[in-house]
file query.tsv (TSV, C-alpha atoms and all ligand atoms)
chain	number	residue	atom	x	y	z
O	4	MET	CA	105.25	61.48	117.22
O	5	PRO	CA	101.78	60.33	118.45
O	6	LEU	CA	101.20	56.81	119.77
O	7	ALA	CA	99.07	56.12	116.68
O	8	THR	CA	102.10	56.10	114.41
O	9	LEU	CA	104.85	55.18	116.87
O	10	PHE	CA	104.80	51.43	116.23
O	11	LYS	CA	103.80	51.45	112.57
O	12	SER	CA	106.37	50.00	110.22
O	13	LYS	CA	107.47	51.57	106.97
O	14	GLY	CA	106.16	50.28	103.63
O	15	PRO	CA	107.99	49.31	100.42
O	16	THR	CA	108.72	52.95	99.55
O	17	GLY	CA	110.77	53.27	102.74
O	18	PHE	CA	108.23	55.67	104.23
O	19	GLY	CA	105.27	55.08	106.50
O	20	ALA	CA	102.62	56.59	108.75
O	21	ASN	CA	105.17	58.45	110.87
O	22	SER	CA	107.11	59.92	107.95
O	23	THR	CA	106.74	63.68	107.71
O	24	ALA	CA	106.72	65.90	104.64
O	25	GLU	CA	110.27	66.91	105.57
O	26	ASP	CA	111.28	63.21	105.76
O	27	VAL	CA	109.91	62.40	102.29
O	28	THR	CA	111.74	65.34	100.71
O	29	ALA	CA	115.01	64.97	102.61
O	30	GLY	CA	117.88	65.17	100.13
O	31	LEU	CA	115.63	66.29	97.25
O	32	SER	CA	116.23	69.65	95.61
O	33	LEU	CA	113.10	71.10	94.08
O	34	ALA	CA	114.92	74.09	92.61
O	35	GLY	CA	113.37	74.96	89.25
O	36	LYS	CA	110.08	73.19	90.10
O	37	THR	CA	106.80	75.08	90.28
O	38	ILE	CA	104.04	73.52	92.36
O	39	LEU	CA	100.46	74.73	92.73
O	40	VAL	CA	98.75	73.92	96.05
O	41	THR	CA	95.10	74.70	96.76
O	42	GLY	CA	94.19	75.60	100.34
O	43	CYS	CA	97.56	77.09	101.33
O	44	THR	CA	96.22	78.88	104.41
O	45	SER	CA	95.70	76.03	106.84
O	46	GLY	CA	96.44	72.47	107.92
O	47	LEU	CA	98.01	70.06	105.45
O	48	GLY	CA	98.13	72.56	102.58
O	49	ALA	CA	100.04	75.12	104.63
O	50	GLU	CA	102.54	72.45	105.74
O	51	ALA	CA	102.94	71.07	102.21
O	52	CYS	CA	103.67	74.60	100.94
O	53	ARG	CA	106.18	75.21	103.73
O	54	VAL	CA	108.13	72.02	103.05
O	55	LEU	CA	108.04	72.33	99.25
O	56	SER	CA	109.40	75.87	99.49
O	57	LEU	CA	111.98	74.73	102.07
O	58	ARG	CA	113.27	72.39	99.33
O	59	ASP	CA	113.46	75.37	96.98
O	60	ALA	CA	110.31	74.84	94.88
O	61	THR	CA	108.39	77.88	93.68
O	62	VAL	CA	105.03	77.48	95.39
O	63	LEU	CA	101.86	78.91	93.90
O	64	GLY	CA	99.36	78.88	96.72
O	65	THR	CA	95.62	79.42	96.38
O	66	ALA	CA	93.14	80.64	98.97
O	67	ARG	CA	89.61	81.99	98.94
O	68	THR	CA	90.90	85.56	98.61
O	69	GLN	CA	93.94	87.27	97.08
O	70	GLU	CA	94.86	88.71	100.46
O	71	ALA	CA	94.81	85.34	102.27
O	72	ALA	CA	96.79	83.66	99.49
O	73	GLU	CA	99.41	86.41	99.40
O	74	ARG	CA	99.76	86.44	103.18
O	75	ALA	CA	100.32	82.67	103.35
O	76	CYS	CA	102.74	82.64	100.41
O	77	ALA	CA	104.76	85.61	101.69
O	78	ALA	CA	105.42	83.71	104.94
O	79	LEU	CA	106.98	80.66	103.23
O	80	PRO	CA	110.72	79.94	103.62
O	81	LYS	CA	111.04	80.85	99.92
O	82	PRO	CA	108.17	83.29	99.37
O	83	GLY	CA	105.67	81.99	96.84
O	84	VAL	CA	102.97	83.52	94.67
O	85	GLY	CA	99.38	83.72	95.92
O	86	TYR	CA	96.28	83.40	93.75
O	87	PRO	CA	92.64	83.76	94.75
O	88	CYS	CA	90.60	80.63	94.05
O	89	GLU	CA	87.23	80.24	95.77
O	90	LEU	CA	86.44	76.68	94.76
O	91	ALA	CA	82.68	77.07	95.18
O	92	GLU	CA	82.69	80.02	92.77
O	93	PRO	CA	83.40	78.95	89.16
O	94	ALA	CA	84.26	82.52	88.08
O	95	SER	CA	86.95	82.64	90.77
O	96	VAL	CA	88.39	79.25	89.73
O	97	ARG	CA	88.42	80.27	86.07
O	98	GLY	CA	90.06	83.57	87.07
O	99	CYS	CA	92.77	81.59	88.87
O	100	VAL	CA	93.35	79.44	85.77
O	101	GLU	CA	93.62	82.55	83.58
O	102	ALA	CA	96.00	84.30	86.00
O	103	ILE	CA	98.33	81.28	86.18
O	104	GLN	CA	98.29	80.98	82.38
O	105	ARG	CA	98.84	84.73	81.97
O	106	ASP	CA	101.82	84.61	84.35
O	107	GLY	CA	103.32	81.89	82.14
O	108	HIS	CA	103.86	79.25	84.82
O	109	ARG	CA	104.78	75.73	83.79
O	110	LEU	CA	103.46	73.47	86.55
O	111	ASP	CA	105.47	70.48	87.73
O	112	ALA	CA	102.67	69.48	90.07
O	113	ILE	CA	99.17	70.51	91.09
O	114	ILE	CA	98.12	69.45	94.59
O	115	CYS	CA	94.34	69.68	94.98
O	116	ASN	CA	94.39	69.91	98.74
O	117	ALA	CA	91.62	72.34	99.74
O	118	GLY	CA	88.44	70.86	101.07
O	119	ILE	CA	85.48	71.00	103.43
O	120	MET	CA	84.06	68.17	105.52
O	121	ALA	CA	80.81	66.94	107.01
O	122	LEU	CA	78.69	70.08	106.77
O	123	PRO	CA	75.91	69.44	109.32
O	124	LYS	CA	73.07	70.65	107.07
O	125	LEU	CA	72.59	70.56	103.32
O	126	GLN	CA	74.20	73.58	101.67
O	127	THR	CA	74.41	74.14	97.95
O	128	ALA	CA	76.28	76.15	95.35
O	129	TYR	CA	74.71	76.64	91.94
O	130	GLY	CA	72.14	74.07	93.07
O	131	TYR	CA	74.72	71.33	93.81
O	132	GLU	CA	75.54	69.88	97.23
O	133	LEU	CA	78.37	72.04	98.54
O	134	GLN	CA	80.95	69.36	99.45
O	135	PHE	CA	80.64	67.77	95.99
O	136	PHE	CA	80.77	71.19	94.35
O	137	THR	CA	83.73	72.52	96.36
O	138	ASN	CA	85.86	69.42	96.71
O	139	HIS	CA	85.22	67.95	93.26
O	140	ILE	CA	83.70	70.40	90.75
O	141	GLY	CA	85.91	73.33	91.83
O	142	HIS	CA	89.04	71.22	91.42
O	143	PHE	CA	87.70	69.71	88.18
O	144	ILE	CA	87.47	73.21	86.66
O	145	LEU	CA	90.93	74.12	87.99
O	146	VAL	CA	92.81	71.02	86.82
O	147	THR	CA	91.14	70.63	83.43
O	148	GLY	CA	91.73	74.35	82.85
O	149	LEU	CA	95.43	74.00	83.64
O	150	LEU	CA	96.25	70.79	81.75
O	151	ASP	CA	98.05	72.76	79.02
O	152	ALA	CA	100.20	74.42	81.69
O	153	LEU	CA	101.22	71.06	83.18
O	154	ALA	CA	104.83	70.06	82.47
O	155	ASP	CA	105.44	67.03	80.22
O	156	ASP	CA	106.15	64.98	83.35
O	157	GLY	CA	103.77	66.96	85.54
O	158	ARG	CA	101.81	65.33	88.36
O	159	VAL	CA	98.29	65.94	89.66
O	160	VAL	CA	97.59	64.96	93.27
O	161	MET	CA	94.03	64.76	94.58
O	162	LEU	CA	93.39	64.82	98.33
O	163	SER	CA	90.90	62.01	98.82
O	164	SER	CA	90.29	60.30	102.15
O	165	MET	CA	89.64	56.86	103.60
O	166	ALA	CA	86.19	58.42	104.10
O	167	HIS	CA	85.62	57.74	100.38
O	168	GLY	CA	84.46	54.36	101.71
O	169	ASN	CA	81.45	56.13	103.30
O	170	ALA	CA	80.08	57.13	99.89
O	171	PRO	CA	76.42	56.16	99.44
O	172	ALA	CA	75.13	53.09	97.59
O	173	GLY	CA	76.18	53.39	93.97
O	174	GLY	CA	79.22	55.48	94.93
O	175	ILE	CA	78.19	58.67	93.18
O	176	GLN	CA	74.47	59.47	93.37
O	177	PHE	CA	74.09	60.97	89.91
O	178	ASP	CA	70.36	61.40	90.53
O	179	ASN	CA	70.96	63.29	93.80
O	180	LEU	CA	73.94	65.59	93.20
O	181	LYS	CA	71.84	68.47	94.48
O	182	GLY	CA	71.06	66.64	97.73
O	183	GLU	CA	67.32	67.19	97.48
O	184	ARG	CA	66.59	63.43	97.66
O	185	GLY	CA	68.54	62.97	100.90
O	186	TYR	CA	71.60	64.38	102.60
O	187	SER	CA	74.01	62.99	105.16
O	188	PRO	CA	77.10	64.94	106.27
O	189	TRP	CA	79.40	61.89	106.13
O	190	ALA	CA	77.94	60.08	103.14
O	191	ASN	CA	78.09	63.29	101.12
O	192	TYR	CA	81.64	64.01	102.28
O	193	GLY	CA	82.48	60.41	101.32
O	194	GLN	CA	80.91	60.93	97.90
O	195	SER	CA	83.00	64.05	97.32
O	196	LYS	CA	86.20	62.23	98.33
O	197	LEU	CA	85.29	59.28	96.12
O	198	ALA	CA	84.84	61.82	93.31
O	199	ASN	CA	88.38	63.13	93.99
O	200	LEU	CA	89.69	59.57	93.78
O	201	LEU	CA	87.77	58.69	90.60
O	202	PHE	CA	88.92	61.95	89.01
O	203	ALA	CA	92.58	60.97	89.60
O	204	ARG	CA	91.91	57.52	88.17
O	205	GLU	CA	90.25	58.85	85.01
O	206	LEU	CA	92.90	61.55	84.62
O	207	GLN	CA	95.61	58.88	84.72
O	208	ARG	CA	93.73	56.95	82.01
O	209	ARG	CA	93.61	60.09	79.88
O	210	PHE	CA	97.35	60.65	80.47
O	211	ALA	CA	98.12	57.28	78.80
O	212	GLY	CA	100.99	57.64	76.33
O	213	THR	CA	102.36	60.70	78.13
O	214	ARG	CA	104.71	61.11	81.11
O	215	LYS	CA	102.07	62.97	83.11
O	216	THR	CA	100.71	61.18	86.18
O	217	ALA	CA	97.81	61.47	88.62
O	218	TYR	CA	97.40	60.22	92.20
O	219	ALA	CA	94.76	60.17	94.92
O	220	VAL	CA	95.90	60.20	98.54
O	221	HIS	CA	94.54	59.59	102.00
O	222	PRO	CA	96.64	61.77	104.32
O	223	GLY	CA	95.72	59.97	107.56
O	224	VAL	CA	93.53	61.41	110.30
O	225	ILE	CA	94.86	64.72	111.58
O	226	HIS	CA	93.43	67.40	113.84
O	227	THR	CA	93.14	70.47	111.60
O	228	ASN	CA	90.54	73.15	110.89
O	229	LEU	CA	88.73	70.60	108.73
O	230	ALA	CA	86.55	69.65	111.71
O	231	ARG	CA	85.36	73.25	112.15
O	232	SER	CA	81.81	72.52	110.99
O	233	MET	CA	81.46	69.71	113.53
O	234	GLY	CA	81.22	72.05	116.52
O	235	LYS	CA	83.42	73.10	119.43
O	236	LEU	CA	82.84	69.93	121.48
O	237	THR	CA	84.08	67.64	118.69
O	238	ASP	CA	87.00	69.96	118.10
O	239	PHE	CA	87.90	69.79	121.80
O	240	ALA	CA	87.59	65.98	121.82
O	241	LEU	CA	89.87	65.79	118.77
O	242	SER	CA	92.46	68.00	120.44
O	243	ILE	CA	92.51	65.60	123.43
O	244	ALA	CA	92.71	62.52	121.18
O	245	ALA	CA	95.29	63.93	118.80
O	246	PRO	CA	98.50	63.14	120.72
O	247	PHE	CA	97.40	59.51	121.19
O	248	PHE	CA	95.46	58.53	118.10
O	249	LEU	CA	95.98	61.00	115.27
O	250	LYS	CA	98.80	61.91	112.93
O	251	THR	CA	100.54	65.24	113.35
O	252	ILE	CA	100.17	67.87	110.61
O	253	PRO	CA	103.76	67.26	109.35
O	254	GLU	CA	102.93	63.52	109.09
O	255	GLY	CA	99.60	64.31	107.44
O	256	ALA	CA	101.23	66.42	104.73
O	257	ALA	CA	103.74	63.67	103.85
O	258	THR	CA	101.68	61.59	101.41
O	259	GLU	CA	100.55	64.50	99.21
O	260	VAL	CA	104.11	65.83	99.05
O	261	PHE	CA	105.47	62.33	98.36
O	262	ALA	CA	103.00	61.89	95.47
O	263	ALA	CA	103.83	65.33	94.06
O	264	VAL	CA	107.63	65.12	94.02
O	265	HIS	CA	109.19	61.81	95.05
O	266	PRO	CA	110.68	59.55	92.33
O	267	LYS	CA	109.34	56.48	94.17
O	268	ALA	CA	105.77	57.69	93.61
O	269	LEU	CA	106.06	57.27	89.84
O	270	PRO	CA	105.45	53.48	89.76
O	271	LEU	CA	102.30	54.13	91.81
O	272	ALA	CA	100.77	56.49	89.24
O	273	GLY	CA	96.98	56.29	88.99
O	274	GLN	CA	96.71	54.61	92.39
O	275	TYR	CA	95.31	55.50	95.79
O	276	LEU	CA	98.11	56.15	98.27
O	277	ALA	CA	98.09	56.15	102.07
O	278	ASP	CA	101.08	56.53	104.40
O	279	CYS	CA	103.23	57.17	101.27
O	280	ASN	CA	102.51	53.67	99.94
O	281	LEU	CA	99.69	51.88	98.14
O	282	GLY	CA	96.40	52.24	100.02
O	283	LYS	CA	93.27	50.10	99.90
O	284	PRO	CA	90.56	51.75	97.78
O	285	SER	CA	86.89	50.76	97.98
O	286	ASN	CA	85.25	48.73	95.21
O	287	TYR	CA	83.60	51.88	93.80
O	288	ALA	CA	87.00	53.56	93.67
O	289	GLN	CA	88.21	50.85	91.28
O	290	ASP	CA	85.25	51.17	88.93
O	291	ALA	CA	86.62	52.58	85.67
O	292	GLU	CA	83.13	53.02	84.21
O	293	LEU	CA	82.03	55.05	87.24
O	294	ALA	CA	85.12	57.24	86.79
O	295	ARG	CA	84.32	57.85	83.11
O	296	ARG	CA	80.70	58.66	83.88
O	297	LEU	CA	81.69	61.08	86.64
O	298	TRP	CA	84.02	62.89	84.21
O	299	ALA	CA	81.26	63.17	81.59
O	300	VAL	CA	78.70	64.38	84.14
O	301	SER	CA	81.21	66.86	85.60
O	302	GLU	CA	81.79	68.30	82.12
O	303	GLU	CA	78.04	68.69	81.68
O	304	ILE	CA	77.72	70.43	85.05
O	305	VAL	CA	80.60	72.80	84.24
O	306	ARG	CA	79.07	73.61	80.84
O	307	SER	CA	75.78	74.47	82.52
O	308	LEU	CA	77.33	76.94	84.97
O	309	PRO	CA	77.22	80.68	84.23
O	310	THR	CA	80.39	81.87	82.48
M	401	LIG	N1	92.57	66.34	108.33
M	401	LIG	C1	92.23	65.08	108.07
M	401	LIG	O1	92.14	64.22	108.97
M	401	LIG	C2	91.95	64.65	106.66
M	401	LIG	C3	91.66	63.28	106.42
M	401	LIG	C4	91.40	62.88	105.12
M	401	LIG	C5	91.41	63.81	104.10
M	401	LIG	N2	91.69	65.12	104.35
M	401	LIG	C6	91.68	66.05	103.23
M	401	LIG	O2	92.84	66.85	103.30
M	401	LIG	C7	92.60	68.13	102.71
M	401	LIG	C8	93.18	69.23	103.58
M	401	LIG	O3	92.45	69.23	104.79
M	401	LIG	P1	92.98	69.87	106.15
M	401	LIG	O4	92.81	68.79	107.16
M	401	LIG	O5	94.30	70.49	105.97
M	401	LIG	O6	91.83	70.96	106.40
M	401	LIG	P2	91.90	72.54	106.75
M	401	LIG	O7	92.91	72.81	107.78
M	401	LIG	O8	90.49	72.90	107.03
M	401	LIG	O9	92.38	73.18	105.39
M	401	LIG	C9	91.51	73.21	104.27
M	401	LIG	C10	91.95	74.28	103.31
M	401	LIG	O10	91.00	74.30	102.24
M	401	LIG	C11	90.57	75.65	102.07
M	401	LIG	N3	89.20	75.71	101.54
M	401	LIG	C12	88.08	75.20	102.08
M	401	LIG	N4	87.02	75.52	101.33
M	401	LIG	C13	87.47	76.26	100.29
M	401	LIG	C14	86.85	76.91	99.20
M	401	LIG	N5	85.53	76.86	99.00
M	401	LIG	N6	87.63	77.58	98.32
M	401	LIG	C15	88.96	77.66	98.51
M	401	LIG	N7	89.61	77.09	99.54
M	401	LIG	C16	88.87	76.40	100.43
M	401	LIG	C17	90.65	76.26	103.46
M	401	LIG	O11	90.60	77.66	103.38
M	401	LIG	P3	89.87	78.51	104.56
M	401	LIG	O12	90.75	78.35	105.76
M	401	LIG	O13	89.78	79.89	104.01
M	401	LIG	O14	88.53	77.87	104.74
M	401	LIG	C18	91.97	75.69	103.93
M	401	LIG	O15	93.05	76.41	103.39
M	401	LIG	C19	91.08	68.20	102.48
M	401	LIG	O16	90.83	68.00	101.11
M	401	LIG	C20	90.55	67.06	103.30
M	401	LIG	O17	89.35	66.53	102.76
M	401	LIG	C21	91.97	65.56	105.61
call {"tool": "encode", "arguments": {"input": "query.tsv", "output": "structure tokens"}}
result
Amino acid sequence: MPLATLFKSKGPTGFGANSTAEDVTAGLSLAGKTILVTGCTSGLGAEACRVLSLRDATVLGTARTQEAAERACAALPKPGVGYPCELAEPASVRGCVEAIQRDGHRLDAIICNAGIMALPKLQTAYGYELQFFTNHIGHFILVTGLLDALADDGRVVMLSSMAHGNAPAGGIQFDNLKGERGYSPWANYGQSKLANLLFARELQRRFAGTRKTAYAVHPGVIHTNLARSMGKLTDFALSIAAPFFLKTIPEGAATEVFAAVHPKALPLAGQYLADCNLGKPSNYAQDAELARRLWAVSEEIVRSLPT
């Protein structure tokens, strides 16, 4: 347990910053549950998959390639099923949706965990800034494509970040989604994580009258491969800082797993969670109109992409 979480108290759910994914699932049997996790090859996604399968869930893990997904899923305590899903490639995401539908899975939870962070220079996919496209649009296609496969009480968990507070003025720059009018690695990462949060909020609104729920989570700050684009020096500095200031990977995976399976998450539906309790979202993150507009614009973007 790092110093960062050693003295933190637990919140009303009984869990806190130093709870691990194993802690939040202790005593729960997930037998009969099927849970889809994007980004099963590394970091928090790999740990979430491990713990969910340890509790007997059937894990469907996605990765950029079939081979990577199968390799990661075969290594789980209860081997899962791997699907290719390159989030920056709409045809791959749609292929993943079709394969999951074809295989007849009924999903008890979808954890949208995969992501990229702080790309130093502007990169694009289909003309859109790559962090927005990968983190938000890729998951938008996946989740909206799988809504019919979601169980009646199914849950959708979006990996956001406290970095959603770094989003630019206006929150989502609808007139600069391609990045051509200015790009900043952190503001654009923040925008993509705000988009993840607003998507969960709008999804919860659309789930009204059903037992389906949606959540956005901040996992904490954890040294994973996420920092890979920030260079070797930063990676080295993070590895030195990690034991003192950062959460461990098992602690980092706790909040997404809590949101996906724990009964105590249900009263928190539609909210932004951190340390397995209510978090503090930014003002933009609470803007229902912004969330509706983002959904409408995302639909337009998806319609405009090649089929
Ligand atoms: N670590 C933190 O401190 C932190 C803080 C706040 C939020 N988060 C969020 O937590 C989530 C998990 O991050 P992590 O720390 O576990 O990072 P990680 O170790 O880098 O894992 C990210 C996963 O996403 C996958 N991925 C990336 N781009 C993809 C693409 N285009 N298509 C398909 N899969 C892709 C990666 O696959 P490859 O290995 O093949 O690239 C990997 O499996 C992210 O959404 C991140 O924004 C993390």
call {"tool": "residues_around", "arguments": {"input": "query.tsv", "residues": "Ala49 of chain O", "least_positions_apart": "5", "cutoff": "12 Å", "atoms": "only C-alpha atoms", "output": "count of residues only"}}
result
36
call {"tool": "residues_around", "arguments": {"input": "query.tsv", "residues": "Val224 of chain O", "least_positions_apart": "4", "cutoff": "12 Å", "atoms": "only C-alpha atoms", "output": "list in words"}}
result
Pro5, Ala7, Thr8, Ala20, Gly46, Leu47, Ser163, Ser164, Met165, Ala166, Leu229, Ala230, Leu241, Ala244, Ala245, Pro246, Phe247, Phe248, Leu249, Lys250, Thr251, Ile252, Pro253, Glu254, Gly255, Ala256, Ala277 and Asp278 of chain O
call {"tool": "atom_distance", "arguments": {"input": "query.tsv", "atom1": "atom CA of Cys279 of chain O", "atom2": "atom CA of Pro222 of chain O"}}
result
8.6 Å
call {"tool": "closest_residue", "arguments": {"input": "query.tsv", "among": "O:His167, O:Arg184, O:Arg306, O:His226", "to": "Gln289 of chain O", "atoms": "all atoms listed in the file"}}
result
O:His167
call {"tool": "residues_around", "arguments": {"input": "query.tsv", "residues": "Ile119 of chain O", "least_positions_apart": "5", "cutoff": "12 Å", "atoms": "only C-alpha atoms", "output": "number ranges by chain"}}
result
O: 42, 45-46, 90-91, 126, 132-139, 141, 162-164, 188-189, 191-193, 195-196, 227-233
call {"tool": "residues_around", "arguments": {"input": "query.tsv", "residues": "Leu57 of chain O", "least_positions_apart": "2", "cutoff": "10 Å", "atoms": "all atoms listed in the file", "output": "ChimeraX atom specification"}}
result
/O:25,28,32-34,51-55,59-61,79-82
call {"tool": "atom_distance", "arguments": {"input": "query.tsv", "atom1": "atom CA of Cys99 of chain O", "atom2": "atom CA of Lys181 of chain O"}}
result
25.3 Å
call {"tool": "closest_residue", "arguments": {"input": "query.tsv", "among": "O:Leu236, O:Ala257, O:Ala102, O:Leu201", "to": "ligand LIG 401 (chain M)", "atoms": "all atoms listed in the file"}}
result
O:Ala257
call {"tool": "atom_distance", "arguments": {"input": "query.tsv", "atom1": "atom O9 of ligand LIG 401 (chain M)", "atom2": "atom CA of Thr147 of chain O"}}
result
22.1 Å
call {"tool": "closest_residue", "arguments": {"input": "query.tsv", "among": "O:Ala198, O:Val159, O:Leu150, O:Ala121", "to": "Ala272 of chain O", "atoms": "all atoms listed in the file"}}
result
O:Val159
call {"tool": "closest_residue", "arguments": {"input": "query.tsv", "among": "O:Asp111, O:Glu50, O:Asp238, O:Asp26", "to": "ligand LIG 401 (chain M)", "atoms": "all atoms listed in the file"}}
result
O:Glu50
call {"tool": "closest_residue", "arguments": {"input": "query.tsv", "among": "O:Arg209, O:Arg58, O:His142, O:Lys36", "to": "ligand LIG 401 (chain M)", "atoms": "all atoms listed in the file"}}
result
O:His142
call {"tool": "closest_residue", "arguments": {"input": "query.tsv", "among": "O:Ile243, O:Ile38, O:Ala294, O:Val160", "to": "ligand LIG 401 (chain M)", "atoms": "only C-alpha atoms and all ligand atoms"}}
result
O:Val160
call {"tool": "build_atoms", "arguments": {"input": "query.tsv", "residues": "segment 46-54 of chain O", "atoms": "all heavy atoms", "output": "PDB file, keeping the file's coordinate frame"}}
result
ATOM      1  N   GLY O  46      96.311  73.919 107.848  1.00  0.00           N
ATOM      2  CA  GLY O  46      96.440  72.470 107.920  1.00  0.00           C
ATOM      3  C   GLY O  46      97.485  71.871 106.999  1.00  0.00           C
ATOM      4  O   GLY O  46      98.641  72.315 106.940  1.00  0.00           O
ATOM      5  N   LEU O  47      97.080  70.845 106.269  1.00  0.00           N
ATOM      6  CA  LEU O  47      98.010  70.060 105.450  1.00  0.00           C
ATOM      7  C   LEU O  47      98.544  70.882 104.279  1.00  0.00           C
ATOM      8  O   LEU O  47      99.713  70.740 103.891  1.00  0.00           O
ATOM      9  CB  LEU O  47      97.317  68.800 104.927  1.00  0.00           C
ATOM     10  CG  LEU O  47      96.551  67.977 105.970  1.00  0.00           C
ATOM     11  CD1 LEU O  47      96.003  66.708 105.344  1.00  0.00           C
ATOM     12  CD2 LEU O  47      97.448  67.653 107.164  1.00  0.00           C
ATOM     13  N   GLY O  48      97.689  71.742 103.718  1.00  0.00           N
ATOM     14  CA  GLY O  48      98.130  72.560 102.580  1.00  0.00           C
ATOM     15  C   GLY O  48      99.220  73.537 102.988  1.00  0.00           C
ATOM     16  O   GLY O  48     100.214  73.718 102.274  1.00  0.00           O
ATOM     17  N   ALA O  49      99.039  74.163 104.148  1.00  0.00           N
ATOM     18  CA  ALA O  49     100.040  75.120 104.630  1.00  0.00           C
ATOM     19  C   ALA O  49     101.372  74.408 104.877  1.00  0.00           C
ATOM     20  O   ALA O  49     102.448  74.912 104.534  1.00  0.00           O
ATOM     21  CB  ALA O  49      99.548  75.793 105.910  1.00  0.00           C
ATOM     22  N   GLU O  50     101.308  73.205 105.459  1.00  0.00           N
ATOM     23  CA  GLU O  50     102.540  72.450 105.740  1.00  0.00           C
ATOM     24  C   GLU O  50     103.188  71.963 104.441  1.00  0.00           C
ATOM     25  O   GLU O  50     104.425  72.015 104.300  1.00  0.00           O
ATOM     26  CB  GLU O  50     102.226  71.273 106.671  1.00  0.00           C
ATOM     27  CG  GLU O  50     103.376  70.335 106.955  1.00  0.00           C
ATOM     28  CD  GLU O  50     104.548  70.956 107.735  1.00  0.00           C
ATOM     29  OE1 GLU O  50     104.493  72.147 108.089  1.00  0.00           O
ATOM     30  OE2 GLU O  50     105.529  70.223 107.976  1.00  0.00           O
ATOM     31  N   ALA O  51     102.378  71.510 103.496  1.00  0.00           N
ATOM     32  CA  ALA O  51     102.940  71.070 102.210  1.00  0.00           C
ATOM     33  C   ALA O  51     103.662  72.243 101.540  1.00  0.00           C
ATOM     34  O   ALA O  51     104.791  72.093 101.052  1.00  0.00           O
ATOM     35  CB  ALA O  51     101.829  70.535 101.307  1.00  0.00           C
ATOM     36  N   CYS O  52     103.042  73.413 101.547  1.00  0.00           N
ATOM     37  CA  CYS O  52     103.670  74.600 100.940  1.00  0.00           C
ATOM     38  C   CYS O  52     104.986  74.926 101.645  1.00  0.00           C
ATOM     39  O   CYS O  52     105.996  75.223 100.987  1.00  0.00           O
ATOM     40  CB  CYS O  52     102.738  75.811 101.035  1.00  0.00           C
ATOM     41  SG  CYS O  52     101.312  75.732  99.972  1.00  0.00           S
ATOM     42  N   ARG O  53     104.966  74.873 102.967  1.00  0.00           N
ATOM     43  CA  ARG O  53     106.180  75.210 103.730  1.00  0.00           C
ATOM     44  C   ARG O  53     107.338  74.285 103.337  1.00  0.00           C
ATOM     45  O   ARG O  53     108.451  74.741 103.049  1.00  0.00           O
ATOM     46  CB  ARG O  53     105.909  75.099 105.241  1.00  0.00           C
ATOM     47  CG  ARG O  53     107.080  75.531 106.116  1.00  0.00           C
ATOM     48  CD  ARG O  53     106.854  75.220 107.589  1.00  0.00           C
ATOM     49  NE  ARG O  53     106.959  73.811 107.912  1.00  0.00           N
ATOM     50  CZ  ARG O  53     108.105  73.127 108.043  1.00  0.00           C
ATOM     51  NH1 ARG O  53     109.260  73.737 107.865  1.00  0.00           N
ATOM     52  NH2 ARG O  53     108.093  71.828 108.330  1.00  0.00           N
ATOM     53  N   VAL O  54     107.048  72.981 103.302  1.00  0.00           N
ATOM     54  CA  VAL O  54     108.130  72.020 103.050  1.00  0.00           C
ATOM     55  C   VAL O  54     108.587  72.077 101.585  1.00  0.00           C
ATOM     56  O   VAL O  54     109.782  72.012 101.298  1.00  0.00           O
ATOM     57  CB  VAL O  54     107.686  70.602 103.470  1.00  0.00           C
ATOM     58  CG1 VAL O  54     108.725  69.568 103.065  1.00  0.00           C
ATOM     59  CG2 VAL O  54     107.456  70.576 104.982  1.00  0.00           C
TER      60      VAL O  54
END
